[in-house]
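Asks: Here it is, the structure, as structure tokens.
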Amino acid sequence: TGAQQSATVANPVPGANPDLLPHFLVEPEDVYIVKNKPVLLVCKAVPATQIFFKCNGEWVRQVDHVIERSTDGSSGLPTMEVRINVSRQQVEKVFGLEEYWCQCVAWSSSGTTKSQKAYIRIAYLRKNFEQEPLAKEVSLEQGIVLPCRPPEGIPPAEVEWLRNEDLVDPSLDPNVYITREHSLVVRQARLADTANYTCVAKNIVARRRSASAAVIVYVNGGWSTWTEWSVCSASCGRGWQKRSRSCTNPAPLNGGAFCEGQNVQKTACATLCPVDGSWSPWSKWSACGLDCTHWRSRECSDPAPRNGGEECQGADLDSRNCTSDLCVHTASGPEDVALYVGLIAVAVCLVLLLLVLILVYCRKKEGLDSDVADSSILTSGFQPVSIKPSKADNPHLLTIQPDLSTTTTTYQGSLCPRQDGPSPKFQLTNGHLLSPLGGGRHTLHHSSPTSEAEEFVSRLSTQTYFRSLPRGTSNMTYGTFNFLGGRLMIPNTGRKHPRVPQELPLAGCQTLLSPIVSCGPPGVLLTRPVILAMDHCGEPSPDSWSLRLKKQSCEGSWEDVLHLGEEAPSHLYYCQLEASACYVFTEQLGRFALVGEALSVAAAKRLKLLLFAPLACTSLEYNIRVYCLHDTHDALKEVVQLEKQLGGQLIQEPRVLHFKDSYHNLRLSIHDVPSSLWKSKLLVSYQEIPFYHIWNGTQQYLHCTFTLERVSPSTSDLACKLWVWQVEGDGQSFNINFNITKDTRFAELLALESEGGVPALVGPSAFKIPFLIRQKIISSLDPPCSRGADWRTLAQKLHLDSHLSFFASKPSPTAMILNLWEARHFPNGNLSQLAAAVAGLGQPDAGLFTVSEAEC
């Protein structure tokens, strides 16, 4: 009730028997006055000779007491019961000054005893709700939040929700719950949630109903799969065939959008007409044979039968006896004919054998020339760069940097190869970066990647796999690589296409933790893994998160390809998870994303909070925009570019907020605005961003705007506080104090976010470790060593020993370790640290990891 009752207090007479002090059998209790009905207070004590009520420190008149006397049956002591009525007028006399209370005082021969205080309050419930629910239209499986703030009342009103006049019971429906602020939350909207919702507030005085809010759950239509193509309309010659689909997967409901696109497709077809065979003219008669016959032949080729046409009728060979004039017998006997035939057969065999030998020699020569041409890649010009040596006693360690960036490899195959058979691979014995694909699908040439970028992007855009990507090269980096590898970076942009996140379906409590990274040609199997470096905004903890790597198949569906923590050594994918980034090893290109599923309410995502305001203020209104983004580089760069276009400036240093999976919304409020200079145009005390808008990761550029109005155009100084916090969670506060016309001290933070540089680094020049040094380290540490001075010790020194089984499953474990080191320490890798780790392995050859200038 808000007030604490006073305990019973006894005042004994000196020398009296304390057992005969009055004690209360019934004490007055707190009570509410409803409307104009008086309330009854009762007090009963034993032993008692007198009992009187005292209210607000004054004795109640004796005539207002109703007294009943009796004797206690067990002890024989006198018992006294007193009743009084308290009216609304009595309470209203002191209402607002202090709370009205009453207390009993009982007497006996041994002293007095005071009862506890009973507080009398006037109960009421105002008519108007402080906030009522509003009508909403939401898509299927979207979260619904209906706010409700009941009217002021004493005692405080209890709140319940009605759905079409039926009581909403969260204990019976786990998809629904009511927050402490009395808001109704539907976790995932269902068709059955389409209804009129009413917030009901009640206490002992009255029952109030809010205005009903109509919630409509709509379903956007989806296409069914295409039917099979119909039979060609023409049985012979050109015709057409069609296929169809319907907008029934699902059908649009409750005003949902109808499917976009055609429901019928037609295409031209051609059915080959049958052609009957016809005989060619007879050949000339042969010479008369020994048996005095000669023959002639013909072929069924004028025309030959095709497309199911009939064969020629009749014989293809005709013979007859020679006349006496034509039948001439030669002088040679049968033995001479057999000899001539044998000689001719031997000559033919010798000619064929000679042709085979010539063909084999030519093919071997071509293979040798190809090997020589390919090996020339390894002997291209090396250009050492100036890198400071890491140790004085090892001056050549990790200092020579070859440049093979001019030799490149271009993939010339289909974007989505068949998956029902193994992809051909071209093995290189000494290639420890990326090995090219075989099967005649690669060519080695010298070219600039930018000269082919437009053609490459146009090829990608024709494939259904990449049709959801935005066109053009502003959000795509293109590069060609050989087996020596390289890097690809997107320097000045992040994820820009608004539909990309929505194409990744999330189930249950799953949330998108990283950008969606696409690399292609998709589906191509590589002979060595590449590493994708992706930022993420999760706070990794095995007790709080279940993390999965998802990949989009060629058909467009998303599949779990890796469950972090349950990796198999022979798996095609592997992920090194760090505090703010993950490094994915993959032998197959495609589209990837890191998705997390919260295991407890302790699971948290990092949000980056940024405050922007206009760079120039020409009106009395001044807007402060507060962005709440996932803490990844791509999200930050997108907002920075957007604000540059809007003419905004950063007015505070960005902060990080840990947003937990507690279903509580994010609140934003502004305080301490000097009323003499500014006034806020916000009609409520705070703004909210719904929990699901932040958690599912599909909403872009989430922000709230606080609009302030200057009292005078000359006002330029602004000082206030801005709070951002999750209900019952983490929060951040910003102390804003700057001049809106002159202050640009945070502009340098935006300059740091604008990247430059080359998007594609090809060959060894893309890496910190020189190529020859790398090859020496690999050849030395790959073989197992009994003393432990091999790749396993290197992994331990670089704190990668938790992945030994994965490294051991690869042809060169050392190459995998060095690749991961390069990815983790880009672009500011500390070569001195790596040199110290390599030099401390205890190899017997002191000059093992040095390179002389003669070797370059």
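Letters A, B, ... go to the chains of the structure tokens in the order shown; residues in each chain start at 1; ligands are counted from 1 in the same order.
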Pull the helix (DSSP H, G or I) assignments for region 609-802 of chain A out of DSSP run on the backbone, and list those residues as number ranges by chain.
Replies: A: 633-646, 691-695, 747-753, 764-766, 771-781, 791-797, 801-802
Asks: For Tyr663 (chain A), work out the shell of residues within 12 Å, counting only C-alpha atoms and skipping chain neighbours fewer than 5 positions away, then give it as a ChimeraX atom specification.
Replies: /A:143-145,176-180,183-187,509,598,600-604,689-696,726-729
Asks: Generate the output file for the selected residues, N, CA, C and O atoms, as a compact mmCIF listing (two decimals), in the first residue's frame.
Replies:
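This is the output file selection01.txt:
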# COMPACT_ATOMS: atom_id res chain seq x y z
N GLY A 143 7.48 -9.40 -35.00
CA GLY A 143 7.13 -9.14 -33.62
C GLY A 143 6.11 -8.00 -33.50
O GLY A 143 6.10 -7.06 -34.30
N ILE A 144 5.25 -8.11 -32.49
CA ILE A 144 4.23 -7.09 -32.24
C ILE A 144 4.40 -6.58 -30.82
O ILE A 144 4.53 -7.38 -29.88
N VAL A 145 4.41 -5.26 -30.63
CA VAL A 145 4.46 -4.65 -29.31
C VAL A 145 3.32 -3.64 -29.22
O VAL A 145 3.27 -2.67 -29.98
N VAL A 176 3.20 -15.20 -26.33
CA VAL A 176 2.72 -13.91 -25.85
C VAL A 176 3.22 -13.69 -24.43
O VAL A 176 3.27 -14.64 -23.63
N TYR A 177 3.63 -12.48 -24.11
CA TYR A 177 3.92 -12.14 -22.72
C TYR A 177 3.64 -10.65 -22.50
O TYR A 177 3.55 -9.87 -23.45
N ILE A 178 3.46 -10.30 -21.22
CA ILE A 178 3.15 -8.92 -20.82
C ILE A 178 4.32 -8.39 -20.01
O ILE A 178 4.76 -9.02 -19.05
N THR A 179 4.86 -7.23 -20.42
CA THR A 179 6.03 -6.67 -19.76
C THR A 179 5.63 -6.01 -18.44
O THR A 179 4.45 -5.85 -18.12
N ARG A 180 6.67 -5.61 -17.69
CA ARG A 180 6.41 -4.91 -16.44
C ARG A 180 5.74 -3.56 -16.67
O ARG A 180 5.06 -3.03 -15.79
N SER A 183 2.98 -3.60 -21.39
CA SER A 183 2.87 -3.74 -22.84
C SER A 183 2.65 -5.21 -23.19
O SER A 183 3.21 -6.11 -22.56
N LEU A 184 1.84 -5.43 -24.22
CA LEU A 184 1.59 -6.78 -24.72
C LEU A 184 2.57 -7.05 -25.87
O LEU A 184 2.63 -6.27 -26.82
N VAL A 185 3.32 -8.15 -25.78
CA VAL A 185 4.33 -8.49 -26.79
C VAL A 185 3.97 -9.83 -27.40
O VAL A 185 3.75 -10.82 -26.67
N VAL A 186 3.87 -9.87 -28.71
CA VAL A 186 3.71 -11.12 -29.47
C VAL A 186 5.04 -11.37 -30.16
O VAL A 186 5.47 -10.58 -31.00
N ARG A 187 5.70 -12.46 -29.78
CA ARG A 187 7.04 -12.70 -30.29
C ARG A 187 7.06 -12.86 -31.81
O ARG A 187 7.86 -12.24 -32.49
N CYS A 509 15.34 -18.00 -32.22
CA CYS A 509 16.06 -16.87 -31.62
C CYS A 509 17.33 -16.53 -32.39
O CYS A 509 18.24 -15.91 -31.83
N ALA A 598 20.84 -17.40 -29.41
CA ALA A 598 21.08 -17.15 -27.99
C ALA A 598 20.67 -18.37 -27.17
O ALA A 598 19.60 -18.94 -27.36
N SER A 600 20.98 -18.12 -23.69
CA SER A 600 20.52 -17.56 -22.42
C SER A 600 20.36 -16.06 -22.60
O SER A 600 20.77 -15.47 -23.61
N VAL A 601 19.76 -15.42 -21.58
CA VAL A 601 19.56 -13.97 -21.65
C VAL A 601 20.87 -13.21 -21.51
O VAL A 601 20.92 -12.00 -21.71
N ALA A 602 21.95 -13.93 -21.17
CA ALA A 602 23.25 -13.26 -21.08
C ALA A 602 23.87 -13.02 -22.45
O ALA A 602 24.85 -12.29 -22.57
N ALA A 603 23.32 -13.64 -23.49
CA ALA A 603 23.84 -13.41 -24.84
C ALA A 603 23.63 -11.95 -25.23
O ALA A 603 22.55 -11.40 -25.07
N ALA A 604 24.68 -11.33 -25.74
CA ALA A 604 24.61 -9.90 -26.04
C ALA A 604 25.24 -9.62 -27.39
O ALA A 604 26.17 -10.32 -27.83
N ILE A 689 13.06 1.87 -29.48
CA ILE A 689 13.28 1.03 -30.67
C ILE A 689 12.94 -0.39 -30.25
O ILE A 689 13.50 -0.91 -29.29
N PRO A 690 11.98 -1.05 -30.91
CA PRO A 690 11.57 -2.39 -30.48
C PRO A 690 12.73 -3.38 -30.46
O PRO A 690 13.66 -3.29 -31.26
N PHE A 691 12.62 -4.31 -29.55
CA PHE A 691 13.68 -5.31 -29.37
C PHE A 691 13.96 -6.07 -30.65
O PHE A 691 15.11 -6.25 -31.05
N TYR A 692 12.90 -6.53 -31.33
CA TYR A 692 13.11 -7.40 -32.49
C TYR A 692 13.69 -6.63 -33.68
O TYR A 692 14.34 -7.23 -34.53
N HIS A 693 13.46 -5.34 -33.75
CA HIS A 693 14.07 -4.57 -34.84
C HIS A 693 15.58 -4.59 -34.72
O HIS A 693 16.30 -4.55 -35.72
N ILE A 694 16.08 -4.62 -33.49
CA ILE A 694 17.53 -4.64 -33.27
C ILE A 694 18.06 -6.06 -33.32
O ILE A 694 19.09 -6.34 -33.93
N TRP A 695 17.33 -7.00 -32.74
CA TRP A 695 17.89 -8.33 -32.53
C TRP A 695 17.97 -9.14 -33.83
O TRP A 695 18.96 -9.84 -34.07
N ASN A 696 16.95 -9.06 -34.69
CA ASN A 696 17.00 -9.93 -35.86
C ASN A 696 17.99 -9.46 -36.91
O ASN A 696 18.36 -10.21 -37.80
N GLN A 726 18.97 -0.06 -22.56
CA GLN A 726 18.02 -1.15 -22.70
C GLN A 726 17.30 -1.33 -21.37
O GLN A 726 17.92 -1.30 -20.31
N VAL A 727 16.00 -1.49 -21.44
CA VAL A 727 15.23 -1.65 -20.21
C VAL A 727 15.78 -2.84 -19.43
O VAL A 727 15.92 -3.94 -19.97
N GLU A 728 16.13 -2.59 -18.16
CA GLU A 728 16.74 -3.60 -17.30
C GLU A 728 18.03 -4.14 -17.91
O GLU A 728 18.33 -5.33 -17.82
N GLY A 729 18.80 -3.27 -18.55
CA GLY A 729 20.04 -3.72 -19.16
C GLY A 729 21.09 -2.62 -19.19
O GLY A 729 21.06 -1.67 -18.40
Asks: Per residue of region 623-685 of chain A within 6 Å of region 703-707 of chain A, what are the shortest atom pair and its distance in Å to one decimal, counting only C-alpha atoms, with rows by chain and residue number, as JSON lines?
Replies:
{"residue": "A:Asn623", "atom": "CA", "partner": "A:Thr707", "partner_atom": "CA", "distance": 4.5}
{"residue": "A:Ile624", "atom": "CA", "partner": "A:Phe706", "partner_atom": "CA", "distance": 5.2}
{"residue": "A:Arg625", "atom": "CA", "partner": "A:Thr705", "partner_atom": "CA", "distance": 4.5}
{"residue": "A:Val626", "atom": "CA", "partner": "A:His703", "partner_atom": "CA", "distance": 5.2}
{"residue": "A:Tyr627", "atom": "CA", "partner": "A:His703", "partner_atom": "CA", "distance": 4.2}
{"residue": "A:Cys628", "atom": "CA", "partner": "A:His703", "partner_atom": "CA", "distance": 5.8}
{"residue": "A:Lys681", "atom": "CA", "partner": "A:Thr707", "partner_atom": "CA", "distance": 5.7}
Asks: Could you dump the residues just selected with C-alpha atoms as a PDB file, in the first residue's frame?
Replies:
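Writing done, so here's out32.pdb:
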ATOM      1  CA  ASN A 623      17.742  17.709 -35.168  1.00  0.00           C
ATOM      2  CA  ILE A 624      19.968  15.247 -33.304  1.00  0.00           C
ATOM      3  CA  ARG A 625      19.957  11.786 -34.887  1.00  0.00           C
ATOM      4  CA  VAL A 626      20.996   8.839 -32.720  1.00  0.00           C
ATOM      5  CA  TYR A 627      21.965   5.716 -34.704  1.00  0.00           C
ATOM      6  CA  CYS A 628      21.971   2.275 -33.075  1.00  0.00           C
ATOM      7  CA  LYS A 681       9.473  19.213 -29.463  1.00  0.00           C
TER       8      LYS A 681
END
